[in-house]
Amino acid sequence: MQSTNIKQEVFSLLENLPQDATWDDLMYEIYIRQAIEAGLEDSEAGRTTDVEEVRAKFGLPA
């Protein structure tokens, strides 16, 4: 789900940050955006694990 216009996406992220934002704030927003897009790509490609499998693997109740 790679954006075709990364510069425009970055400008959008910047516009939504408060005036007193730090470099860490910007890096956090970029990291979260990238993680969400990677997760969506995995989901669309069928690279997911069923909840029951995860619960069983970690010994969690169903």
# chains A, B, ... in the order shown; residues from 1 in each chain; ligands from 1
$ residues_around --residues "stretch 7-19 of chain A" --least-positions-apart "3" --cutoff "9 Å" --atoms "only C-alpha atoms" --output "PDB file with N, CA and C atoms, in the first residue's frame"
ATOM      1  N   SER A   3       2.385   4.596  -0.804  1.00  0.00           N
ATOM      2  CA  SER A   3       1.813   5.803  -1.380  1.00  0.00           C
ATOM      3  C   SER A   3       2.615   6.214  -2.610  1.00  0.00           C
ATOM      4  N   THR A  22       8.220  17.966  18.383  1.00  0.00           N
ATOM      5  CA  THR A  22       9.661  17.689  18.392  1.00  0.00           C
ATOM      6  C   THR A  22      10.007  16.741  17.247  1.00  0.00           C
ATOM      7  N   ASP A  25       8.416  13.508  17.938  1.00  0.00           N
ATOM      8  CA  ASP A  25       7.008  13.465  17.555  1.00  0.00           C
ATOM      9  C   ASP A  25       6.864  13.119  16.077  1.00  0.00           C
ATOM     10  N   LEU A  26       7.666  13.757  15.254  1.00  0.00           N
ATOM     11  CA  LEU A  26       7.613  13.492  13.813  1.00  0.00           C
ATOM     12  C   LEU A  26       8.017  12.054  13.510  1.00  0.00           C
ATOM     13  N   GLU A  29       5.216   9.646  14.365  1.00  0.00           N
ATOM     14  CA  GLU A  29       4.142   9.662  13.375  1.00  0.00           C
ATOM     15  C   GLU A  29       4.541   8.891  12.121  1.00  0.00           C
ATOM     16  N   ILE A  30       5.783   9.060  11.684  1.00  0.00           N
ATOM     17  CA  ILE A  30       6.262   8.335  10.505  1.00  0.00           C
ATOM     18  C   ILE A  30       6.295   6.840  10.796  1.00  0.00           C
TER      19      ILE A  30
END
$ select_by_dssp --residues "chain A" --states "helix (DSSP H, G or I)" --output "count of residues only"
40
